[in-house]
Amino acid sequence: MRMLVTGGAGFIGANFVHYTARNHPGYEVCVLDALTYAGNRESLAPVADQVRFVHGDICDTTLVDRLVAATDVVVHFAAESHVDNSLLDPEPFIRTNILGTYTILEAVRRHDKRLHHISTDEVFGDLALDAVEKFTERTAYDPSSPYSAAKASSDMLVRAWARSFGVPATLSNCANNYGPYQHVEKFVPRQITNVLVGERPKLYGAGENVREWTHVDDHNEAVHLILTKGRAGESYLIGSGDERSNAQILALVLDLMGEPADAYDHVPDRPGHDLRYSNDSTKIRTELGWQPRYGDFRAGLAATIDWYRHNDWWWKPQKDATEARYQLLGR
Ligand code: NAD
Ligand code: DAU
């Protein structure tokens with residue numbers, strides 16, 4: 001199996017490449033990544049001898065065409081992924097998430113290759129805190145931010161190419177991930193690394209917003225299942241079912257790191273802040289037999305904290321620039 005992984009130097013993509021090397025050592029993996037501020041070649045160091053790395057842009061038609069021609073399957077993680085950045089400057093989100101996905105779709109169409117497109121539950125908008133219903137594969141798209149609107153657009157393109165051109169594509173929408181190698185701009189690593197550098201953690205608004213937290217290895221196991229057993233043209237929602245408010249997560253981080261419960265700052269809320277996400281992942285559980293392995297969130301979070309404690313060489317170089325961006329946003 002020859003596999004082209006876009007965005008393989010980012011958080012989920014790098015963990016996907018590690019997972020693939022561990023569980024499918026016979027696969028030939030090629031990573032295509034532009035190494036934006038979010039990409040880090042060091043994340044692939046442990047598997048460097050098992051992976052070919054190509055430094056390039058998914059909007060580069062010639063390069064993408066050549067790489068797609070030489071693979072069996074494309075797993076498409078590359079994206080601008082951070083909501084707050086999309087509020088500061090939406091342009092790279094439109095370019096990479098929409099135009100980049102279009103470039104990949106045209107290449108897989110030309111060469112008749114299998115595509116799996118990685119998406120997010122944010123395309124559905126948000127739910128009330130007390131809503132009983134969850135997002136399903138049939139929920140209408142209703143994105144709130146430039147990030148989620150661009151991801152929703154890319155999903156629509158994938159669906160159209162599958163239906164109109166018969167491109168053998170699958171799509172998954174996962175909930176919030178946590179684990180090692182996540183950029184320090186994201187909620188969990190930002191709070192952990194703030195504590196480690198002696199800064200106070202930052203909670204947006206009242207901290208009542210709810211996310212469904214899934215370990216990155218559980219997400220990637222689901223992606224592998226879709227690649228082997230998924231049906232072309234179908235979407236699959238992925239989520240652990242473990243919903244927690246931001247205030248609850250922060251309390252757990254402070255507790256696990258031995259900090260007082262009130263050792264954090266409230267900062268102004270994110271404009272348009274989605275209140276709650278919650279995926280109904282019945283389809284992937286019943287049709288493909290997916291089950292999250294990381295059932296104990298406290299233990300998964302403790303291991304993640306440990307990883308950041310022991311790998312400051314990986315995240316420290318990004319920390320100051322990240323906090324400078326937050327200064328611009330007032331958060
Ligand atoms: P990330 O920001 O950590 O990594 C993105 C990677 O894409 C980086 O390595 C970056 O260099 C690369 N990239 C960006 N623009 C590129 C371009 N034009 N050409 C080639 N490479 C480019 O993102 P992540 O958190 O790992 O998310 C990966 C995917 O999963 C995204 O599509 C995201 O929408 C989706 N997703 C993320 C989460 C989450 O909780 N992080 C949850 C569900 C879905
Ligand atoms: O649901 C999937 C999505 O999860 C992915 O599509 C996105 O790529 C990923 O970034 C993530 O989006 P969120 O906006 O939910 O994640 P973020 O880590 O930015 O924030 C999580 C929650 O924490 C959100 O409600 C905002 C809040 N927050 C965030 C930061 C950075 C804070 O309270 N304080 C912070 O410092």
# chains A, B, ... in the order shown; residues from 1 in each chain; ligands from 1

$ residues_around --residues "Asp126 in chain A" --least-positions-apart "6" --cutoff "8 Å" --atoms "only C-alpha atoms" --output "list in words"
Asp274, Leu275, Arg276 and Tyr277 of chain A

$ write_last_selection --atoms "all heavy atoms" --output "short mmCIF file (atom, residue, chain, number, x, y, z; two decimals), in the first residue's frame"
data_model
loop_
_atom_site.label_atom_id
_atom_site.label_comp_id
_atom_site.auth_asym_id
_atom_site.auth_seq_id
_atom_site.Cartn_x
_atom_site.Cartn_y
_atom_site.Cartn_z
N ASP A 274 -18.63 28.96 19.27
CA ASP A 274 -19.56 27.83 19.28
C ASP A 274 -19.73 27.31 20.72
O ASP A 274 -18.74 27.09 21.42
CB ASP A 274 -19.05 26.70 18.40
CG ASP A 274 -19.30 26.94 16.91
OD1 ASP A 274 -20.17 27.77 16.58
OD2 ASP A 274 -18.62 26.30 16.08
N LEU A 275 -21.00 27.10 21.10
CA LEU A 275 -21.29 26.73 22.49
C LEU A 275 -20.95 25.27 22.78
O LEU A 275 -20.25 24.96 23.75
CB LEU A 275 -22.78 26.98 22.74
CG LEU A 275 -23.21 27.20 24.18
CD1 LEU A 275 -22.30 28.16 24.91
CD2 LEU A 275 -24.65 27.73 24.19
N ARG A 276 -21.45 24.39 21.92
CA ARG A 276 -21.25 22.96 22.23
C ARG A 276 -21.20 22.13 20.95
O ARG A 276 -21.96 22.40 20.01
CB ARG A 276 -22.41 22.48 23.11
CG ARG A 276 -22.38 20.99 23.38
CD ARG A 276 -23.47 20.58 24.38
NE ARG A 276 -23.70 19.16 24.32
CZ ARG A 276 -24.87 18.57 24.12
NH1 ARG A 276 -25.98 19.28 23.99
NH2 ARG A 276 -24.96 17.27 24.07
N TYR A 277 -20.31 21.15 20.93
CA TYR A 277 -20.29 20.14 19.87
C TYR A 277 -20.54 18.78 20.50
O TYR A 277 -20.07 18.51 21.61
CB TYR A 277 -18.92 20.05 19.18
CG TYR A 277 -18.34 21.33 18.67
CD1 TYR A 277 -17.01 21.65 18.92
CD2 TYR A 277 -19.10 22.21 17.91
CE1 TYR A 277 -16.44 22.82 18.43
CE2 TYR A 277 -18.53 23.38 17.42
CZ TYR A 277 -17.21 23.69 17.69
OH TYR A 277 -16.65 24.83 17.21
#

$ residues_near_ligand --ligand "ligand 1" --cutoff "6 Å" --atoms "only C-alpha atoms and all ligand atoms" --output "number ranges by chain"
A: 7-13, 33-36, 38-39, 56-59, 77-81, 96, 118-120, 174-177, 183

$ closest_atom_pairs --of "chain A" --to "ligand 2" --cutoff "6 Å" --atoms "only C-alpha atoms and all ligand atoms" --output "Markdown table"
| residue | atom | partner | partner_atom_place_in_ligand_line | distance |
| --- | --- | --- | --- | --- |
| A:Ser81 | CA | ligand 2 | 8 (O) | 4.1 |
| A:His82 | CA | ligand 2 | 10 (O) | 4.7 |
| A:Val83 | CA | ligand 2 | 14 (O) | 5.3 |
| A:Thr120 | CA | ligand 2 | 6 (O) | 4.4 |
| A:Asp121 | CA | ligand 2 | 1 (O) | 5.2 |
| A:Glu122 | CA | ligand 2 | 1 (O) | 5.4 |
| A:Ala175 | CA | ligand 2 | 1 (O) | 4.2 |
| A:Asn176 | CA | ligand 2 | 4 (O) | 4.0 |
| A:Glu185 | CA | ligand 2 | 31 (C) | 5.7 |
| A:Lys186 | CA | ligand 2 | 18 (O) | 3.7 |
| A:Phe187 | CA | ligand 2 | 18 (O) | 3.7 |
| A:Lys202 | CA | ligand 2 | 36 (O) | 4.7 |
| A:Leu203 | CA | ligand 2 | 33 (O) | 3.7 |
| A:Tyr204 | CA | ligand 2 | 33 (O) | 3.8 |
| A:Gly207 | CA | ligand 2 | 33 (O) | 5.9 |
| A:Asn209 | CA | ligand 2 | 25 (O) | 5.2 |
| A:Asn246 | CA | ligand 2 | 23 (O) | 5.6 |

$ write_last_selection --atoms "N, CA, C and O atoms" --output "compact mmCIF listing (two decimals), in the first residue's frame"
# COMPACT_ATOMS: atom_id res chain seq x y z
N SER A 81 -5.94 25.21 10.62
CA SER A 81 -6.82 24.50 11.56
C SER A 81 -7.28 25.30 12.77
O SER A 81 -8.06 24.78 13.57
N HIS A 82 -6.80 26.56 12.94
CA HIS A 82 -7.11 27.23 14.21
C HIS A 82 -8.13 28.35 14.05
O HIS A 82 -7.89 29.35 13.35
N VAL A 83 -9.26 28.21 14.73
CA VAL A 83 -10.38 29.15 14.63
C VAL A 83 -9.92 30.59 14.92
O VAL A 83 -10.25 31.53 14.18
N THR A 120 -14.17 18.04 10.27
CA THR A 120 -14.40 18.41 11.66
C THR A 120 -15.89 18.51 11.96
O THR A 120 -16.70 18.79 11.07
N ASP A 121 -16.24 18.33 13.23
CA ASP A 121 -17.64 18.51 13.63
C ASP A 121 -18.06 19.98 13.60
O ASP A 121 -19.25 20.30 13.67
N GLU A 122 -17.07 20.90 13.47
CA GLU A 122 -17.42 22.33 13.47
C GLU A 122 -18.23 22.74 12.24
O GLU A 122 -18.84 23.80 12.24
N ALA A 175 -14.47 15.07 16.41
CA ALA A 175 -14.55 16.05 17.50
C ALA A 175 -13.13 16.47 17.91
O ALA A 175 -12.15 16.04 17.32
N ASN A 176 -13.04 17.32 18.95
CA ASN A 176 -11.73 17.84 19.41
C ASN A 176 -10.78 16.72 19.79
O ASN A 176 -11.15 15.82 20.55
N GLU A 185 -0.86 26.58 20.36
CA GLU A 185 -1.96 27.54 20.23
C GLU A 185 -3.28 26.94 20.70
O GLU A 185 -4.20 27.68 21.05
N LYS A 186 -3.40 25.61 20.69
CA LYS A 186 -4.68 24.97 20.98
C LYS A 186 -4.92 24.92 22.49
O LYS A 186 -3.98 24.97 23.30
N PHE A 187 -6.19 24.77 22.88
CA PHE A 187 -6.60 24.95 24.29
C PHE A 187 -5.78 24.12 25.28
O PHE A 187 -5.19 24.67 26.22
N LYS A 202 -5.43 30.63 30.41
CA LYS A 202 -6.41 31.62 29.94
C LYS A 202 -7.71 30.92 29.54
O LYS A 202 -7.71 30.07 28.65
N LEU A 203 -8.80 31.35 30.17
CA LEU A 203 -10.11 30.75 29.88
C LEU A 203 -10.97 31.78 29.16
O LEU A 203 -11.18 32.89 29.67
N TYR A 204 -11.49 31.42 27.98
CA TYR A 204 -12.34 32.36 27.23
C TYR A 204 -13.71 32.47 27.92
O TYR A 204 -14.36 31.45 28.19
N GLY A 207 -16.16 30.05 30.32
CA GLY A 207 -15.62 28.68 30.28
C GLY A 207 -16.69 27.61 30.22
O GLY A 207 -16.44 26.43 30.48
N ASN A 209 -18.39 26.68 27.52
CA ASN A 209 -18.47 26.00 26.21
C ASN A 209 -18.02 24.55 26.35
O ASN A 209 -17.05 24.26 27.05
N ASN A 246 -15.00 23.77 29.05
CA ASN A 246 -13.61 24.25 29.12
C ASN A 246 -13.18 24.47 30.57
O ASN A 246 -12.03 24.21 30.93

$ closest_residue --among "A:Thr170, A:Thr103, A:Thr282, A:Thr61" --to "Ile226 in chain A" --atoms "only C-alpha atoms"
A:Thr170

$ select_by_dssp --residues "range 110-184 of chain A" --states "strand (DSSP E)" --output "JSON, numbers by chain"
{"A": [114, 115, 116, 117, 118, 119, 120, 169, 170, 171, 172, 173, 174, 176, 177, 178]}

$ closest_residue --among "A:Leu237, A:Leu4, A:Leu288, A:Val47" --to "Ala70 in chain A" --atoms "only C-alpha atoms"
A:Leu4

$ residues_around --residues "range 313-330 of chain A" --least-positions-apart "3" --cutoff "10 Å" --atoms "only C-alpha atoms" --output "NGL selection string"
:A and (37-38 or 40 or 42-43 or 84-85 or 87-88 or 181-186 or 189-190 or 193-194 or 197 or 267-270 or 308-310)

$ write_last_selection --atoms "N, CA, C and O atoms" --output "short mmCIF file (atom, residue, chain, number, x, y, z; two decimals), in the first residue's frame"
data_model
loop_
_atom_site.label_atom_id
_atom_site.label_comp_id
_atom_site.auth_asym_id
_atom_site.auth_seq_id
_atom_site.Cartn_x
_atom_site.Cartn_y
_atom_site.Cartn_z
N TYR A 37 3.63 27.62 9.96
CA TYR A 37 3.95 27.77 11.40
C TYR A 37 3.46 26.54 12.18
O TYR A 37 4.01 26.22 13.24
N ALA A 38 2.44 25.82 11.68
CA ALA A 38 1.85 24.69 12.42
C ALA A 38 2.54 23.37 12.13
O ALA A 38 2.30 22.39 12.84
N ASN A 40 5.78 20.82 11.80
CA ASN A 40 7.08 20.66 12.45
C ASN A 40 7.69 19.34 12.00
O ASN A 40 7.19 18.27 12.35
N GLU A 42 10.22 17.95 13.03
CA GLU A 42 10.71 17.17 14.18
C GLU A 42 9.66 16.17 14.66
O GLU A 42 9.99 15.16 15.28
N SER A 43 8.38 16.45 14.39
CA SER A 43 7.32 15.54 14.84
C SER A 43 7.44 14.19 14.13
O SER A 43 6.89 13.19 14.59
N ASP A 84 -9.15 30.79 15.99
CA ASP A 84 -8.74 32.16 16.36
C ASP A 84 -7.94 32.82 15.25
O ASP A 84 -8.11 34.01 14.97
N ASN A 85 -7.05 32.05 14.59
CA ASN A 85 -6.28 32.61 13.48
C ASN A 85 -7.18 33.00 12.32
O ASN A 85 -6.93 33.97 11.62
N LEU A 87 -10.04 34.20 12.52
CA LEU A 87 -10.71 35.46 12.83
C LEU A 87 -9.78 36.65 12.62
O LEU A 87 -10.22 37.77 12.36
N LEU A 88 -8.48 36.39 12.70
CA LEU A 88 -7.47 37.44 12.50
C LEU A 88 -7.19 37.63 11.01
O LEU A 88 -7.05 38.74 10.54
N TYR A 181 2.26 16.25 20.46
CA TYR A 181 2.58 16.97 19.21
C TYR A 181 1.48 17.94 18.79
O TYR A 181 1.40 18.28 17.61
N GLN A 182 0.62 18.38 19.71
CA GLN A 182 -0.38 19.39 19.32
C GLN A 182 0.21 20.78 19.51
O GLN A 182 0.83 21.07 20.55
N HIS A 183 -0.03 21.64 18.54
CA HIS A 183 0.54 22.99 18.59
C HIS A 183 0.08 23.73 19.85
O HIS A 183 -1.09 23.61 20.25
N VAL A 184 0.98 24.54 20.43
CA VAL A 184 0.67 25.21 21.71
C VAL A 184 -0.37 26.32 21.58
O VAL A 184 -0.75 26.92 22.58
N GLU A 185 -0.86 26.58 20.36
CA GLU A 185 -1.96 27.54 20.23
C GLU A 185 -3.28 26.94 20.70
O GLU A 185 -4.20 27.68 21.05
N LYS A 186 -3.40 25.61 20.69
CA LYS A 186 -4.68 24.97 20.98
C LYS A 186 -4.92 24.92 22.49
O LYS A 186 -3.98 24.97 23.30
N PRO A 189 -2.86 22.18 25.07
CA PRO A 189 -1.42 22.46 25.21
C PRO A 189 -1.11 23.90 25.64
O PRO A 189 -0.09 24.13 26.30
N ARG A 190 -2.00 24.86 25.28
CA ARG A 190 -1.71 26.23 25.72
C ARG A 190 -1.72 26.31 27.24
O ARG A 190 -0.86 26.93 27.85
N THR A 193 1.34 24.34 28.78
CA THR A 193 2.64 25.01 28.61
C THR A 193 2.67 26.36 29.33
O THR A 193 3.72 26.80 29.76
N ASN A 194 1.49 27.00 29.48
CA ASN A 194 1.47 28.21 30.30
C ASN A 194 1.94 27.88 31.72
O ASN A 194 2.77 28.59 32.29
N VAL A 197 5.69 27.32 31.84
CA VAL A 197 6.58 28.50 31.72
C VAL A 197 6.26 29.56 32.78
O VAL A 197 6.84 30.64 32.77
N VAL A 267 -10.33 35.60 30.15
CA VAL A 267 -10.00 36.57 29.10
C VAL A 267 -11.22 36.75 28.21
O VAL A 267 -12.15 35.93 28.27
N PRO A 268 -11.25 37.85 27.40
CA PRO A 268 -12.45 38.07 26.57
C PRO A 268 -12.77 36.87 25.70
O PRO A 268 -11.88 36.16 25.23
N ASP A 269 -14.06 36.66 25.47
CA ASP A 269 -14.52 35.49 24.73
C ASP A 269 -14.17 35.59 23.24
O ASP A 269 -13.94 36.68 22.72
N ARG A 270 -14.14 34.45 22.59
CA ARG A 270 -13.94 34.37 21.13
C ARG A 270 -15.24 34.85 20.45
O ARG A 270 -16.31 34.33 20.78
N TYR A 308 4.32 16.89 27.36
CA TYR A 308 4.76 18.29 27.22
C TYR A 308 5.86 18.62 28.24
O TYR A 308 6.80 19.36 27.94
N ARG A 309 5.76 18.02 29.44
CA ARG A 309 6.79 18.25 30.47
C ARG A 309 8.16 17.76 29.98
O ARG A 309 9.17 18.40 30.22
N HIS A 310 8.15 16.62 29.26
CA HIS A 310 9.43 16.01 28.86
C HIS A 310 9.89 16.40 27.47
O HIS A 310 10.94 15.94 27.01
#

$ residues_around --residues "Glu208 in chain A" --least-positions-apart "2" --cutoff "8 Å" --atoms "only C-alpha atoms" --output "number ranges by chain"
A: 205-206, 210, 245-247, 275

$ write_last_selection --atoms "N, CA and C atoms" --output "PDB file, in the first residue's frame"
ATOM      1  N   GLY A 205     -14.150  33.717  28.104  1.00  0.00           N
ATOM      2  CA  GLY A 205     -15.488  33.958  28.656  1.00  0.00           C
ATOM      3  C   GLY A 205     -15.668  33.240  29.984  1.00  0.00           C
ATOM      4  N   ALA A 206     -16.851  32.641  30.148  1.00  0.00           N
ATOM      5  CA  ALA A 206     -17.162  31.973  31.421  1.00  0.00           C
ATOM      6  C   ALA A 206     -16.639  30.538  31.443  1.00  0.00           C
ATOM      7  N   VAL A 210     -18.738  23.681  25.638  1.00  0.00           N
ATOM      8  CA  VAL A 210     -18.499  22.236  25.786  1.00  0.00           C
ATOM      9  C   VAL A 210     -17.909  21.663  24.494  1.00  0.00           C
ATOM     10  N   SER A 245     -16.902  20.771  29.764  1.00  0.00           N
ATOM     11  CA  SER A 245     -16.790  22.218  29.548  1.00  0.00           C
ATOM     12  C   SER A 245     -15.315  22.607  29.642  1.00  0.00           C
ATOM     13  N   ASN A 246     -15.000  23.769  29.052  1.00  0.00           N
ATOM     14  CA  ASN A 246     -13.612  24.250  29.117  1.00  0.00           C
ATOM     15  C   ASN A 246     -13.181  24.471  30.568  1.00  0.00           C
ATOM     16  N   ALA A 247     -14.114  24.964  31.396  1.00  0.00           N
ATOM     17  CA  ALA A 247     -13.775  25.185  32.813  1.00  0.00           C
ATOM     18  C   ALA A 247     -13.427  23.854  33.487  1.00  0.00           C
ATOM     19  N   LEU A 275     -21.002  27.097  21.099  1.00  0.00           N
ATOM     20  CA  LEU A 275     -21.291  26.727  22.486  1.00  0.00           C
ATOM     21  C   LEU A 275     -20.949  25.267  22.777  1.00  0.00           C
TER      22      LEU A 275
END

$ select_by_dssp --residues "range 86-313 of chain A" --states "helix (DSSP H, G or I)" --output "NGL selection string"
:A and (86-88 or 91-111 or 121-124 or 146-165 or 187-197 or 216-229 or 246-256 or 282-288 or 297-310 or 312-313)

$ atom_distance --atom1 "CA of Gly241 in chain A" --atom2 "CA of Gly272 in chain A"
24.0 Å

$ atom_distance --atom1 "CA of Leu67 in chain A" --atom2 "CA of Val51 in chain A"
14.0 Å

$ residues_around --residues "Pro201 in chain A" --least-positions-apart "3" --cutoff "7 Å" --atoms "only C-alpha atoms" --output "list in words"
Gln191, Asn194, Val195, Tyr264 and Asp265 of chain A

$ atom_distance --atom1 "CA of Ser172 in chain A" --atom2 "CA of Leu227 in chain A"
10.7 Å

$ residues_around --residues "range 212-218 of chain A" --least-positions-apart "4" --cutoff "8 Å" --atoms "only C-alpha atoms" --output "PyMOL selection string"
chain A and resi 12+15-16+19+175-179+222+239-244+277-279+291-294+300

$ closest_residue --among "A:Tyr102, A:Tyr236, A:Trp307, A:Tyr141" --to "Leu157 in chain A" --atoms "only C-alpha atoms"
A:Tyr102

$ residues_around --residues "Arg109 in chain A" --least-positions-apart "6" --cutoff "12 Å" --atoms "only C-alpha atoms" --output "mmCIF file with N, CA and C atoms, in the first residue's frame"
data_model
loop_
_atom_site.group_PDB
_atom_site.id
_atom_site.type_symbol
_atom_site.label_atom_id
_atom_site.label_comp_id
_atom_site.auth_asym_id
_atom_site.auth_seq_id
_atom_site.Cartn_x
_atom_site.Cartn_y
_atom_site.Cartn_z
ATOM 1 N N ASP A 65 -0.089 16.580 -8.577
ATOM 2 C CA ASP A 65 -0.380 15.617 -9.647
ATOM 3 C C ASP A 65 0.669 14.501 -9.666
ATOM 4 N N VAL A 68 0.274 12.276 -6.462
ATOM 5 C CA VAL A 68 -0.953 11.471 -6.477
ATOM 6 C C VAL A 68 -0.823 10.333 -7.497
ATOM 7 N N ALA A 69 -0.183 10.626 -8.630
ATOM 8 C CA ALA A 69 -0.001 9.582 -9.657
ATOM 9 C C ALA A 69 0.771 8.392 -9.088
ATOM 10 N N VAL A 73 -3.449 5.692 -2.283
ATOM 11 C CA VAL A 73 -4.484 6.371 -1.504
ATOM 12 C C VAL A 73 -3.935 7.691 -0.969
ATOM 13 N N VAL A 74 -4.817 8.688 -0.911
ATOM 14 C CA VAL A 74 -4.442 9.985 -0.330
ATOM 15 C C VAL A 74 -5.236 10.169 0.956
ATOM 16 N N TYR A 102 -9.516 21.302 -3.528
ATOM 17 C CA TYR A 102 -9.884 21.238 -4.955
ATOM 18 C C TYR A 102 -8.718 20.670 -5.770
ATOM 19 N N THR A 103 -7.493 21.130 -5.467
ATOM 20 C CA THR A 103 -6.309 20.663 -6.213
ATOM 21 C C THR A 103 -6.138 19.156 -6.026
ATOM 22 N N LEU A 115 -9.441 8.591 -2.011
ATOM 23 C CA LEU A 115 -9.162 9.745 -1.133
ATOM 24 C C LEU A 115 -9.922 9.589 0.170
ATOM 25 N N VAL A 158 -15.741 17.640 -1.801
ATOM 26 C CA VAL A 158 -15.486 16.192 -1.792
ATOM 27 C C VAL A 158 -16.767 15.433 -2.139
ATOM 28 N N ALA A 160 -19.323 16.518 -3.860
ATOM 29 C CA ALA A 160 -19.681 16.751 -5.267
ATOM 30 C C ALA A 160 -18.797 15.913 -6.191
ATOM 31 N N TRP A 161 -17.497 15.831 -5.894
ATOM 32 C CA TRP A 161 -16.590 15.052 -6.759
ATOM 33 C C TRP A 161 -16.917 13.552 -6.663
ATOM 34 N N ALA A 162 -17.370 13.117 -5.492
ATOM 35 C CA ALA A 162 -17.747 11.703 -5.342
ATOM 36 C C ALA A 162 -19.017 11.427 -6.158
ATOM 37 N N ARG A 163 -19.973 12.327 -6.043
ATOM 38 C CA ARG A 163 -21.245 12.071 -6.728
ATOM 39 C C ARG A 163 -21.159 12.296 -8.243
ATOM 40 N N SER A 164 -20.578 13.423 -8.646
ATOM 41 C CA SER A 164 -20.616 13.764 -10.072
ATOM 42 C C SER A 164 -19.534 13.091 -10.892
ATOM 43 N N PHE A 165 -18.359 12.850 -10.281
ATOM 44 C CA PHE A 165 -17.255 12.269 -11.053
ATOM 45 C C PHE A 165 -16.928 10.850 -10.606
ATOM 46 N N GLY A 166 -17.642 10.363 -9.588
ATOM 47 C CA GLY A 166 -17.384 8.998 -9.121
ATOM 48 C C GLY A 166 -16.039 8.837 -8.429
ATOM 49 N N VAL A 167 -15.479 9.952 -7.915
ATOM 50 C CA VAL A 167 -14.207 9.842 -7.186
ATOM 51 C C VAL A 167 -14.434 8.979 -5.945
ATOM 52 N N PRO A 168 -13.622 7.933 -5.731
ATOM 53 C CA PRO A 168 -13.830 7.064 -4.571
ATOM 54 C C PRO A 168 -13.321 7.724 -3.290
ATOM 55 N N ALA A 169 -14.155 8.608 -2.752
ATOM 56 C CA ALA A 169 -13.746 9.395 -1.582
ATOM 57 C C ALA A 169 -14.617 9.065 -0.385
#
